[in-house]
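With compact mmCIF, C-alpha atoms and all ligand atoms inside, this is coords-v8.txt:
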# COMPACT_ATOMS: atom_id res chain seq x y z
CA MET V 1 -27.54 -201.97 55.53
CA ARG V 2 -30.05 -204.56 56.61
CA ILE V 3 -32.64 -204.24 59.39
CA ASP V 4 -34.75 -207.14 60.62
CA VAL V 5 -37.69 -206.32 62.85
CA VAL V 6 -39.19 -208.93 65.14
CA THR V 7 -42.78 -207.87 65.69
CA LEU V 8 -46.30 -209.20 66.08
CA PHE V 9 -47.30 -206.60 63.46
CA PRO V 10 -44.85 -206.83 60.53
CA GLU V 11 -47.41 -205.08 58.32
CA PHE V 12 -46.97 -201.97 60.46
CA MET V 13 -43.31 -201.76 59.50
CA ASP V 14 -44.13 -202.38 55.83
CA GLN V 15 -46.49 -199.42 55.87
CA ALA V 16 -44.15 -197.15 57.81
CA ALA V 17 -41.19 -197.84 55.58
CA THR V 18 -42.53 -197.36 52.05
CA VAL V 19 -42.79 -193.58 51.85
CA GLY V 20 -40.34 -190.69 51.67
CA VAL V 21 -36.65 -191.08 52.32
CA VAL V 22 -36.97 -194.58 53.81
CA GLY V 23 -38.95 -195.79 50.80
CA ARG V 24 -36.35 -194.27 48.50
CA ALA V 25 -33.48 -195.84 50.45
CA ARG V 26 -35.12 -199.22 49.99
CA GLU V 27 -35.77 -198.64 46.30
CA ARG V 28 -32.14 -197.61 45.82
CA GLY V 29 -30.96 -200.80 47.51
CA LEU V 30 -29.40 -198.90 50.43
CA LEU V 31 -31.66 -200.49 53.02
CA ALA V 32 -33.13 -204.00 53.22
CA LEU V 33 -35.94 -204.34 55.72
CA GLN V 34 -37.70 -207.53 56.76
CA GLY V 35 -40.29 -208.29 59.42
CA TRP V 36 -40.39 -211.50 61.45
CA ASN V 37 -43.54 -212.47 63.27
CA PRO V 38 -43.02 -214.56 66.43
CA ARG V 39 -46.52 -215.93 65.92
CA ASP V 40 -45.21 -217.80 62.86
CA TYR V 41 -42.90 -219.69 65.24
CA ALA V 42 -45.46 -220.32 68.01
CA GLU V 43 -46.81 -223.79 68.67
CA GLY V 44 -50.32 -225.14 69.14
CA ASN V 45 -53.64 -224.34 67.50
CA TYR V 46 -53.76 -220.89 69.05
CA ARG V 47 -50.14 -220.02 68.27
CA ARG V 48 -49.75 -218.37 71.65
CA VAL V 49 -47.10 -215.70 71.97
CA ASP V 50 -47.89 -214.50 75.51
CA ASP V 51 -48.89 -215.75 78.92
CA ARG V 52 -49.77 -214.47 82.37
CA PRO V 53 -46.98 -213.07 84.56
CA PHE V 54 -45.62 -215.20 87.39
CA GLY V 55 -46.31 -213.49 90.70
CA GLY V 56 -49.65 -212.20 89.45
CA GLY V 57 -50.56 -208.72 88.36
CA PRO V 58 -52.14 -207.23 85.26
CA GLY V 59 -51.34 -207.86 81.62
CA MET V 60 -49.46 -210.50 79.70
CA VAL V 61 -45.79 -211.21 79.06
CA MET V 62 -44.31 -212.29 75.72
CA LEU V 63 -43.12 -215.91 75.69
CA ILE V 64 -39.46 -216.81 75.24
CA ASP V 65 -39.64 -219.50 72.55
CA PRO V 66 -41.56 -217.82 69.70
CA LEU V 67 -39.42 -214.71 70.09
CA ARG V 68 -36.21 -216.69 70.25
CA ALA V 69 -37.12 -218.67 67.12
CA ALA V 70 -37.98 -215.46 65.24
CA ILE V 71 -34.67 -213.85 66.27
CA THR V 72 -32.77 -216.99 65.23
CA ALA V 73 -34.50 -216.95 61.83
CA ALA V 74 -33.70 -213.25 61.40
CA ARG V 75 -30.04 -213.85 62.32
CA ALA V 76 -29.80 -216.66 59.76
CA ALA V 77 -31.41 -214.63 56.97
CA ALA V 78 -28.18 -212.86 56.07
CA PRO V 79 -24.46 -213.45 56.56
CA GLY V 80 -22.48 -211.77 59.30
CA PRO V 81 -23.23 -211.02 62.93
CA ALA V 82 -26.20 -208.82 63.82
CA ARG V 83 -26.62 -206.84 67.02
CA VAL V 84 -30.04 -207.25 68.64
CA PHE V 85 -31.77 -204.19 70.08
CA TYR V 86 -34.86 -204.39 72.27
CA MET V 87 -37.05 -201.32 71.93
CA SER V 88 -37.82 -200.44 75.54
CA PRO V 89 -38.71 -197.40 77.66
CA GLN V 90 -36.02 -198.65 80.04
CA GLY V 91 -33.32 -198.55 77.36
CA ARG V 92 -30.55 -196.13 76.55
CA PRO V 93 -32.13 -192.94 75.14
CA LEU V 94 -31.73 -192.65 71.39
CA THR V 95 -29.73 -189.59 70.29
CA GLN V 96 -28.50 -188.41 66.91
CA ALA V 97 -24.97 -189.45 67.92
CA ARG V 98 -26.20 -192.98 68.65
CA VAL V 99 -28.21 -192.99 65.41
CA ARG V 100 -24.97 -192.21 63.51
CA GLU V 101 -23.30 -195.19 65.19
CA LEU V 102 -26.23 -197.50 64.40
CA ALA V 103 -26.36 -196.28 60.80
CA ALA V 104 -22.76 -197.41 60.33
CA LEU V 105 -23.52 -201.02 61.34
CA PRO V 106 -24.16 -203.49 58.52
CA ARG V 107 -27.04 -205.23 60.30
CA LEU V 108 -29.51 -204.53 63.09
CA ILE V 109 -32.23 -206.71 64.56
CA LEU V 110 -34.93 -204.68 66.34
CA LEU V 111 -37.14 -206.51 68.82
CA CYS V 112 -40.57 -204.99 69.48
CA GLY V 113 -42.36 -205.80 72.71
CA ARG V 114 -46.09 -205.70 73.40
CA TYR V 115 -48.25 -206.06 76.52
CA GLU V 116 -46.22 -205.80 79.75
CA GLY V 117 -43.07 -206.62 77.84
CA VAL V 118 -40.86 -209.65 77.23
CA ASP V 119 -39.75 -212.49 79.51
CA GLU V 120 -36.56 -211.18 81.12
CA ARG V 121 -34.65 -214.40 80.34
CA LEU V 122 -35.06 -213.80 76.59
CA LEU V 123 -33.65 -210.29 77.00
CA GLN V 124 -30.67 -211.59 78.97
CA ALA V 125 -29.91 -214.29 76.41
CA GLU V 126 -30.52 -212.58 73.07
CA VAL V 127 -30.40 -208.80 73.41
CA ASP V 128 -27.22 -206.74 73.10
CA GLU V 129 -28.75 -203.40 74.02
CA GLU V 130 -32.06 -201.78 74.95
CA LEU V 131 -33.04 -198.58 73.13
CA SER V 132 -35.63 -196.03 74.25
CA ILE V 133 -37.09 -193.30 72.07
CA GLY V 134 -38.13 -191.22 75.09
CA ASP V 135 -39.40 -191.14 78.63
CA TYR V 136 -42.97 -192.20 77.90
CA VAL V 137 -44.62 -195.58 77.40
CA LEU V 138 -45.94 -196.78 74.04
CA SER V 139 -48.24 -199.75 73.69
CA GLY V 140 -45.70 -201.52 71.48
CA GLY V 141 -42.17 -201.30 70.14
CA GLU V 142 -43.20 -200.89 66.48
CA LEU V 143 -43.38 -197.09 66.50
CA ALA V 144 -40.01 -196.98 68.25
CA ALA V 145 -38.51 -199.40 65.69
CA ALA V 146 -39.94 -197.26 62.88
CA VAL V 147 -38.18 -194.26 64.42
CA VAL V 148 -34.86 -196.11 64.38
CA VAL V 149 -35.40 -197.32 60.80
CA ASP V 150 -36.21 -193.78 59.60
CA ALA V 151 -33.34 -192.13 61.44
CA VAL V 152 -30.68 -194.58 60.22
CA ALA V 153 -32.08 -194.90 56.66
CA ARG V 154 -31.68 -191.19 55.94
CA LEU V 155 -28.01 -191.40 56.94
CA GLN V 156 -27.20 -194.10 54.39
CA ASN V 157 -24.98 -192.72 51.62
CA GLY V 158 -27.23 -191.77 48.71
CA ALA V 159 -30.53 -191.83 50.63
CA LEU V 160 -30.86 -188.05 50.73
CA ASN V 161 -30.67 -186.19 47.47
CA ASP V 162 -28.27 -183.74 49.12
CA ALA V 163 -26.06 -185.37 51.75
CA LEU V 164 -25.15 -181.94 53.14
CA SER V 165 -28.67 -181.49 54.43
CA ALA V 166 -28.17 -184.24 57.05
CA GLU V 167 -24.89 -182.69 58.18
CA GLN V 168 -26.64 -179.38 58.85
CA ASP V 169 -29.50 -180.86 60.84
CA SER V 170 -30.06 -180.29 64.53
CA PHE V 171 -27.72 -182.29 66.86
CA GLU V 172 -25.18 -182.85 64.06
CA GLY V 173 -21.67 -181.40 64.01
CA ASP V 174 -21.19 -179.61 67.29
CA GLY V 175 -24.68 -180.53 68.44
CA LEU V 176 -26.58 -177.25 68.06
CA LEU V 177 -30.15 -176.87 66.83
CA ASP V 178 -30.66 -176.03 63.15
CA CYS V 179 -31.30 -172.44 62.01
CA PRO V 180 -34.73 -171.32 60.67
CA HIS V 181 -35.48 -171.85 56.97
CA TYR V 182 -37.45 -169.76 54.47
CA THR V 183 -38.60 -170.20 50.88
CA ARG V 184 -40.66 -168.25 48.36
CA PRO V 185 -42.41 -165.86 48.36
CA VAL V 186 -40.15 -163.16 49.79
CA GLU V 187 -43.15 -161.10 50.88
CA HIS V 188 -46.09 -162.83 52.54
CA ALA V 189 -48.94 -161.75 54.77
CA LEU V 190 -47.14 -163.72 57.52
CA GLY V 191 -43.94 -161.72 57.13
CA ARG V 192 -40.86 -161.05 55.02
CA VAL V 193 -37.82 -163.27 54.51
CA PRO V 194 -34.82 -161.82 56.44
CA ASP V 195 -32.84 -159.51 54.15
CA VAL V 196 -29.53 -161.23 54.79
CA LEU V 197 -30.79 -164.42 53.11
CA LEU V 198 -31.49 -162.40 49.94
CA SER V 199 -28.15 -160.57 49.99
CA GLY V 200 -26.12 -163.15 48.09
CA ASN V 201 -23.29 -162.57 50.58
CA HIS V 202 -22.35 -166.11 51.61
CA ALA V 203 -20.22 -165.07 54.57
CA ASP V 204 -23.01 -162.93 56.00
CA ILE V 205 -25.54 -165.72 55.44
CA ALA V 206 -23.32 -168.27 57.17
CA ARG V 207 -22.78 -165.89 60.11
CA TRP V 208 -26.52 -165.19 60.42
CA ARG V 209 -27.37 -168.90 60.32
CA ARG V 210 -24.75 -169.69 62.92
CA GLN V 211 -26.08 -166.94 65.18
CA GLN V 212 -29.66 -168.19 64.77
CA SER V 213 -28.54 -171.71 65.68
CA LEU V 214 -26.71 -170.47 68.74
CA VAL V 215 -29.57 -168.31 69.97
CA ARG V 216 -32.18 -171.00 69.34
CA THR V 217 -30.11 -173.55 71.18
CA ALA V 218 -29.54 -171.14 74.09
CA VAL V 219 -33.28 -170.47 74.38
CA ARG V 220 -34.70 -173.93 73.68
CA ARG V 221 -32.00 -176.39 74.76
CA PRO V 222 -29.41 -174.54 76.82
CA GLU V 223 -27.87 -177.81 78.04
CA LEU V 224 -26.69 -178.52 74.47
CA LEU V 225 -24.58 -175.35 74.47
CA ASP V 226 -22.56 -176.62 77.43
CA GLU V 227 -21.43 -179.60 75.36
CA ALA V 228 -20.81 -177.61 72.17
CA ALA V 229 -17.32 -176.26 73.05
CA LEU V 230 -17.98 -172.80 71.59
CA GLY V 231 -15.13 -170.57 70.39
CA GLN V 232 -14.65 -166.82 70.82
CA ALA V 233 -16.48 -166.02 67.55
CA ASP V 234 -19.52 -168.03 68.67
CA ARG V 235 -19.53 -166.28 72.05
CA ARG V 236 -19.53 -162.92 70.29
CA LEU V 237 -22.45 -163.97 68.03
CA LEU V 238 -24.37 -165.20 71.05
CA ASP V 239 -23.86 -161.95 72.94
CA ALA V 240 -24.63 -159.68 69.95
N1 LIG E 301 -43.97 -202.62 81.26
C1 LIG E 301 -43.01 -201.96 80.42
C2 LIG E 301 -42.23 -200.94 81.25
O1 LIG E 301 -42.88 -200.22 82.02
O2 LIG E 301 -41.01 -200.81 81.06
C3 LIG E 301 -43.67 -201.25 79.27
C4 LIG E 301 -44.27 -202.15 78.25
S1 LIG E 301 -44.94 -201.27 76.89
C5 LIG E 301 -46.63 -201.15 77.31
C6 LIG E 301 -44.93 -202.44 75.59
C7 LIG E 301 -43.73 -202.37 74.65
O3 LIG E 301 -43.67 -201.11 74.01
C8 LIG E 301 -42.38 -202.53 75.29
O4 LIG E 301 -42.08 -203.89 75.48
C9 LIG E 301 -41.45 -201.86 74.30
O5 LIG E 301 -41.05 -202.76 73.28
C10 LIG E 301 -42.32 -200.78 73.70
N2 LIG E 301 -42.06 -199.43 74.20
C11 LIG E 301 -42.85 -198.72 75.03
N3 LIG E 301 -42.35 -197.53 75.29
C12 LIG E 301 -41.19 -197.43 74.60
C13 LIG E 301 -40.20 -196.42 74.47
N4 LIG E 301 -40.30 -195.26 75.13
N5 LIG E 301 -39.13 -196.65 73.69
C14 LIG E 301 -39.01 -197.84 73.03
N6 LIG E 301 -39.92 -198.83 73.12
C15 LIG E 301 -41.00 -198.64 73.89

Mind turning this structure into structure tokens?
Amino acid sequence: MRIDVVTLFPEFMDQAATVGVVGRARERGLLALQGWNPRDYAEGNYRRVDDRPFGGGPGMVMLIDPLRAAITAARAAAPGPARVFYMSPQGRPLTQARVRELAALPRLILLCGRYEGVDERLLQAEVDEELSIGDYVLSGGELAAAVVVDAVARLQNGALNDALSAEQDSFEGDGLLDCPHYTRPVEHALGRVPDVLLSGNHADIARWRRQQSLVRTAVRRPELLDEAALGQADRRLLDA
């Protein structure tokens, strides 16, 4: 998959996307990532990318033309249509289900705002969808774009060393939270690993993990249980 990021700080994306699973996905040729700086498409000695808002008020607004030229260049950089996403606190909240959908697309263009945001006319003309990473306001879209890049990169086939690990993560499958995990040593000053995980009995381990997921979800995110369509066996584990 290919992701183009339109940002005043392309170096931020370069830094964020070199380590861990995202770095590996790029090395393995599973993800191509390129930054596009609207300043490179701005005119005049000062290469202005923003101006004062009509109607007055604080802050600056990103200009249409440098952004539009950067998006056009990003679109032309590879064959095939690309959907354009504006990272915005006003956008559709990002969920794991939406991440799965995005990860299946061949191309994404992520547009990062700064200042008070972007001239509305640019959004109307060029953006297919606005995406929010949560109900809080960041100073720029780069962190949000990095979140999207990370979340979709790890879902590319071959990015994770064990593909099963993504399927067992929180919000996957029927949408429950993941169970707790333990590793060596068995005995530690902070406690002992639950006996069932040492039993070698795969059915018991699976049942224990399922129960932990159910209970955790009930305690921490009860609204997720309502959507999980639990069966009789799950109800029994939850009540046990
Ligand atoms: N005035 C805007 C508003 O209240 O909707 C906020 C502008 S914010 C200071 C600057 C930029 O950060 C936005 O244009 C957007 O690209 C990005 N941003 C801020 N919060 C975000 C969030 N929760 N999710 C995604 N992007 C966000």

For stretch 143-191 of chain V versus stretch 96-99 of chain V, which residues have an atom no more than 7 Å away, and what is each residue's nearest atom pair and distance in Å rounded to one decimal, using all atoms listed in the file, chain-then-number order, as a tab-separated table?
residue	atom	partner	partner_atom	distance
V:Ala151	CA	V:Val99	CA	6.5
V:Val152	CA	V:Val99	CA	6.0
V:Phe171	CA	V:Gln96	CA	6.2

Output for the residues just chosen: C-alpha atoms as an mmCIF file, in the coordinates of the input:
data_model
loop_
_atom_site.group_PDB
_atom_site.id
_atom_site.type_symbol
_atom_site.label_atom_id
_atom_site.label_comp_id
_atom_site.auth_asym_id
_atom_site.auth_seq_id
_atom_site.Cartn_x
_atom_site.Cartn_y
_atom_site.Cartn_z
ATOM 1 C CA ALA V 151 -33.340 -192.130 61.440
ATOM 2 C CA VAL V 152 -30.680 -194.580 60.220
ATOM 3 C CA PHE V 171 -27.720 -182.290 66.860
#

Can you list every residue of chain V that has an atom at most 8 Å from ligand LIG 301 (chain E), with its nearest atom pair and the distance in Å to one decimal, using all atoms listed in the file, ordered by chain then number, as CSV?
residue,atom,partner,partner_atom,distance
V:Tyr86,CA,E:LIG301,O5,6.5
V:Met87,CA,E:LIG301,N6,4.0
V:Ser88,CA,E:LIG301,N6,3.6
V:Pro89,CA,E:LIG301,C13,3.7
V:Gln90,CA,E:LIG301,O2,5.5
V:Gly91,CA,E:LIG301,N5,7.1
V:Leu111,CA,E:LIG301,O5,7.0
V:Cys112,CA,E:LIG301,O5,4.4
V:Gly113,CA,E:LIG301,O5,3.4
V:Arg114,CA,E:LIG301,C6,4.1
V:Tyr115,CA,E:LIG301,C6,5.0
V:Glu116,CA,E:LIG301,N1,4.2
V:Gly117,CA,E:LIG301,O4,3.7
V:Val118,CA,E:LIG301,O4,6.1
V:Leu131,CA,E:LIG301,C14,6.0
V:Ser132,CA,E:LIG301,N5,3.6
V:Ile133,CA,E:LIG301,N5,4.2
V:Gly134,CA,E:LIG301,N4,4.6
V:Asp135,CA,E:LIG301,N4,5.5
V:Tyr136,CA,E:LIG301,N4,4.9
V:Val137,CA,E:LIG301,N3,3.7
V:Leu138,CA,E:LIG301,C11,3.8
V:Ser139,CA,E:LIG301,C5,4.2
V:Gly140,CA,E:LIG301,O3,3.3
V:Gly141,CA,E:LIG301,C10,3.6
V:Glu142,CA,E:LIG301,C10,7.3
V:Leu143,CA,E:LIG301,N6,7.7
V:Ala144,CA,E:LIG301,C14,5.0
V:Ala145,CA,E:LIG301,C14,7.5

Worksheet entry | Of the listed residues V:Asp128, V:Ile71, V:Met60, V:Leu155, that which approaches V:Glu101 most closely, counting only C-alpha atoms | V:Leu155

Worksheet item: For the point (-42.3, -223.3, 72.6) in file coordinates, what residues are within 7 Å, counting only C-alpha atoms? Give the answer as a ChimeraX atom specification?
Response: /V:42-43,65-66

Worksheet entry | Nearest to V:Val196, chosen from V:Gln34, V:Leu63, V:Arg209, V:Leu102, with only C-alpha atoms counted in the distances |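 Looking only at the distances to V:Val196, the closest residue turns out to be V:Arg209.
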
Practice prompt. Name all residues at most 9 Å from V:Leu176 (count only C-alpha atoms; drop same-chain ones fewer than 6 positions away) and give them as an MDAnalysis selection string.
Written response: chainID V and resid 169:170 213:214 216:217 221 224:225 228

Worksheet item: Between V:Val5, V:Ala146, V:Val21, V:Leu31, which is the closest to V:Arg83 once you count all atoms listed in the file?
Response: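 Using all atoms listed in the file, V:Arg83 sits closest to V:Val5.
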
Discussion item. My list of candidates is V:Ala73, V:Leu190, V:Ala78, V:Ala203. Which is closest to V:Pro38 when distances are computed with all atoms listed in the file?
Written reply: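 When distances to V:Pro38 are compared using all atoms listed in the file, the smallest one comes from V:Ala73.
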
Write a file for stretch 80-114 of chain V, containing N, CA and C atoms (output as a PDB file, in the first residue's frame).
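Resulting contents of part.pdb:
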ATOM      1  N   GLY V  80      -3.497   5.065 -10.317  1.00  0.00           N
ATOM      2  CA  GLY V  80      -4.714   4.664  -9.592  1.00  0.00           C
ATOM      3  C   GLY V  80      -5.243   5.774  -8.725  1.00  0.00           C
ATOM      4  N   PRO V  81      -6.552   5.716  -8.447  1.00  0.00           N
ATOM      5  CA  PRO V  81      -7.168   6.764  -7.627  1.00  0.00           C
ATOM      6  C   PRO V  81      -6.734   6.650  -6.169  1.00  0.00           C
ATOM      7  N   ALA V  82      -6.671   7.799  -5.500  1.00  0.00           N
ATOM      8  CA  ALA V  82      -6.327   7.808  -4.068  1.00  0.00           C
ATOM      9  C   ALA V  82      -7.406   8.581  -3.329  1.00  0.00           C
ATOM     10  N   ARG V  83      -7.873   8.032  -2.222  1.00  0.00           N
ATOM     11  CA  ARG V  83      -8.818   8.778  -1.390  1.00  0.00           C
ATOM     12  C   ARG V  83      -8.038   9.742  -0.514  1.00  0.00           C
ATOM     13  N   VAL V  84      -8.598  10.940  -0.331  1.00  0.00           N
ATOM     14  CA  VAL V  84      -7.916  11.965   0.465  1.00  0.00           C
ATOM     15  C   VAL V  84      -8.629  12.106   1.809  1.00  0.00           C
ATOM     16  N   PHE V  85      -7.848  12.004   2.879  1.00  0.00           N
ATOM     17  CA  PHE V  85      -8.383  12.101   4.238  1.00  0.00           C
ATOM     18  C   PHE V  85      -7.780  13.314   4.923  1.00  0.00           C
ATOM     19  N   TYR V  86      -8.639  14.164   5.459  1.00  0.00           N
ATOM     20  CA  TYR V  86      -8.158  15.310   6.242  1.00  0.00           C
ATOM     21  C   TYR V  86      -8.187  14.926   7.711  1.00  0.00           C
ATOM     22  N   MET V  87      -7.026  14.989   8.360  1.00  0.00           N
ATOM     23  CA  MET V  87      -6.953  14.692   9.779  1.00  0.00           C
ATOM     24  C   MET V  87      -7.582  15.880  10.513  1.00  0.00           C
ATOM     25  N   SER V  88      -8.638  15.616  11.278  1.00  0.00           N
ATOM     26  CA  SER V  88      -9.407  16.718  11.855  1.00  0.00           C
ATOM     27  C   SER V  88     -10.141  16.284  13.114  1.00  0.00           C
ATOM     28  N   PRO V  89     -10.142  17.130  14.154  1.00  0.00           N
ATOM     29  CA  PRO V  89     -10.910  16.755  15.352  1.00  0.00           C
ATOM     30  C   PRO V  89     -12.408  16.691  15.063  1.00  0.00           C
ATOM     31  N   GLN V  90     -12.825  17.233  13.927  1.00  0.00           N
ATOM     32  CA  GLN V  90     -14.251  17.217  13.581  1.00  0.00           C
ATOM     33  C   GLN V  90     -14.619  15.998  12.738  1.00  0.00           C
ATOM     34  N   GLY V  91     -13.604  15.135  12.465  1.00  0.00           N
ATOM     35  CA  GLY V  91     -13.842  14.017  11.565  1.00  0.00           C
ATOM     36  C   GLY V  91     -14.500  12.822  12.226  1.00  0.00           C
ATOM     37  N   ARG V  92     -14.697  11.794  11.404  1.00  0.00           N
ATOM     38  CA  ARG V  92     -15.254  10.533  11.896  1.00  0.00           C
ATOM     39  C   ARG V  92     -14.203   9.883  12.812  1.00  0.00           C
ATOM     40  N   PRO V  93     -14.616   9.464  14.014  1.00  0.00           N
ATOM     41  CA  PRO V  93     -13.621   8.881  14.932  1.00  0.00           C
ATOM     42  C   PRO V  93     -13.004   7.604  14.349  1.00  0.00           C
ATOM     43  N   LEU V  94     -11.699   7.504  14.474  1.00  0.00           N
ATOM     44  CA  LEU V  94     -10.989   6.328  13.970  1.00  0.00           C
ATOM     45  C   LEU V  94     -11.208   5.148  14.916  1.00  0.00           C
ATOM     46  N   THR V  95     -11.609   4.015  14.361  1.00  0.00           N
ATOM     47  CA  THR V  95     -11.792   2.785  15.141  1.00  0.00           C
ATOM     48  C   THR V  95     -10.986   1.685  14.466  1.00  0.00           C
ATOM     49  N   GLN V  96     -10.824   0.569  15.164  1.00  0.00           N
ATOM     50  CA  GLN V  96     -10.084  -0.548  14.570  1.00  0.00           C
ATOM     51  C   GLN V  96     -10.808  -1.060  13.323  1.00  0.00           C
ATOM     52  N   ALA V  97     -12.149  -1.035  13.346  1.00  0.00           N
ATOM     53  CA  ALA V  97     -12.898  -1.490  12.170  1.00  0.00           C
ATOM     54  C   ALA V  97     -12.595  -0.588  10.967  1.00  0.00           C
ATOM     55  N   ARG V  98     -12.532   0.718  11.209  1.00  0.00           N
ATOM     56  CA  ARG V  98     -12.223   1.653  10.122  1.00  0.00           C
ATOM     57  C   ARG V  98     -10.768   1.489   9.671  1.00  0.00           C
ATOM     58  N   VAL V  99      -9.882   1.242  10.636  1.00  0.00           N
ATOM     59  CA  VAL V  99      -8.475   1.000  10.295  1.00  0.00           C
ATOM     60  C   VAL V  99      -8.364  -0.199   9.357  1.00  0.00           C
ATOM     61  N   ARG V 100      -9.126  -1.262   9.636  1.00  0.00           N
ATOM     62  CA  ARG V 100      -9.097  -2.456   8.751  1.00  0.00           C
ATOM     63  C   ARG V 100      -9.527  -2.076   7.332  1.00  0.00           C
ATOM     64  N   GLU V 101     -10.567  -1.231   7.248  1.00  0.00           N
ATOM     65  CA  GLU V 101     -11.030  -0.813   5.912  1.00  0.00           C
ATOM     66  C   GLU V 101      -9.953   0.008   5.197  1.00  0.00           C
ATOM     67  N   LEU V 102      -9.332   0.935   5.940  1.00  0.00           N
ATOM     68  CA  LEU V 102      -8.296   1.784   5.325  1.00  0.00           C
ATOM     69  C   LEU V 102      -7.102   0.944   4.892  1.00  0.00           C
ATOM     70  N   ALA V 103      -6.767  -0.059   5.726  1.00  0.00           N
ATOM     71  CA  ALA V 103      -5.590  -0.885   5.437  1.00  0.00           C
ATOM     72  C   ALA V 103      -5.769  -1.695   4.153  1.00  0.00           C
ATOM     73  N   ALA V 104      -7.026  -1.883   3.740  1.00  0.00           N
ATOM     74  CA  ALA V 104      -7.288  -2.667   2.526  1.00  0.00           C
ATOM     75  C   ALA V 104      -7.247  -1.804   1.265  1.00  0.00           C
ATOM     76  N   LEU V 105      -7.168  -0.482   1.430  1.00  0.00           N
ATOM     77  CA  LEU V 105      -7.113   0.397   0.254  1.00  0.00           C
ATOM     78  C   LEU V 105      -5.689   0.406  -0.305  1.00  0.00           C
ATOM     79  N   PRO V 106      -5.549   0.543  -1.623  1.00  0.00           N
ATOM     80  CA  PRO V 106      -4.193   0.555  -2.183  1.00  0.00           C
ATOM     81  C   PRO V 106      -3.453   1.864  -1.934  1.00  0.00           C
ATOM     82  N   ARG V 107      -4.206   2.958  -1.807  1.00  0.00           N
ATOM     83  CA  ARG V 107      -3.561   4.272  -1.651  1.00  0.00           C
ATOM     84  C   ARG V 107      -4.365   5.156  -0.715  1.00  0.00           C
ATOM     85  N   LEU V 108      -3.661   5.911   0.121  1.00  0.00           N
ATOM     86  CA  LEU V 108      -4.306   6.947   0.933  1.00  0.00           C
ATOM     87  C   LEU V 108      -3.486   8.226   0.797  1.00  0.00           C
ATOM     88  N   ILE V 109      -4.164   9.353   0.791  1.00  0.00           N
ATOM     89  CA  ILE V 109      -3.473  10.636   0.948  1.00  0.00           C
ATOM     90  C   ILE V 109      -3.996  11.250   2.245  1.00  0.00           C
ATOM     91  N   LEU V 110      -3.087  11.546   3.173  1.00  0.00           N
ATOM     92  CA  LEU V 110      -3.472  12.126   4.464  1.00  0.00           C
ATOM     93  C   LEU V 110      -3.073  13.589   4.481  1.00  0.00           C
ATOM     94  N   LEU V 111      -4.024  14.439   4.753  1.00  0.00           N
ATOM     95  CA  LEU V 111      -3.782  15.886   4.766  1.00  0.00           C
ATOM     96  C   LEU V 111      -3.720  16.366   6.221  1.00  0.00           C
ATOM     97  N   CYS V 112      -2.596  16.992   6.576  1.00  0.00           N
ATOM     98  CA  CYS V 112      -2.392  17.460   7.952  1.00  0.00           C
ATOM     99  C   CYS V 112      -2.600  18.963   8.026  1.00  0.00           C
ATOM    100  N   GLY V 113      -3.500  19.394   8.872  1.00  0.00           N
ATOM    101  CA  GLY V 113      -3.690  20.827   9.072  1.00  0.00           C
ATOM    102  C   GLY V 113      -2.752  21.352  10.149  1.00  0.00           C
ATOM    103  N   ARG V 114      -2.652  22.667  10.188  1.00  0.00           N
ATOM    104  CA  ARG V 114      -1.937  23.395  11.259  1.00  0.00           C
ATOM    105  C   ARG V 114      -2.742  24.651  11.547  1.00  0.00           C
TER     106      ARG V 114
END
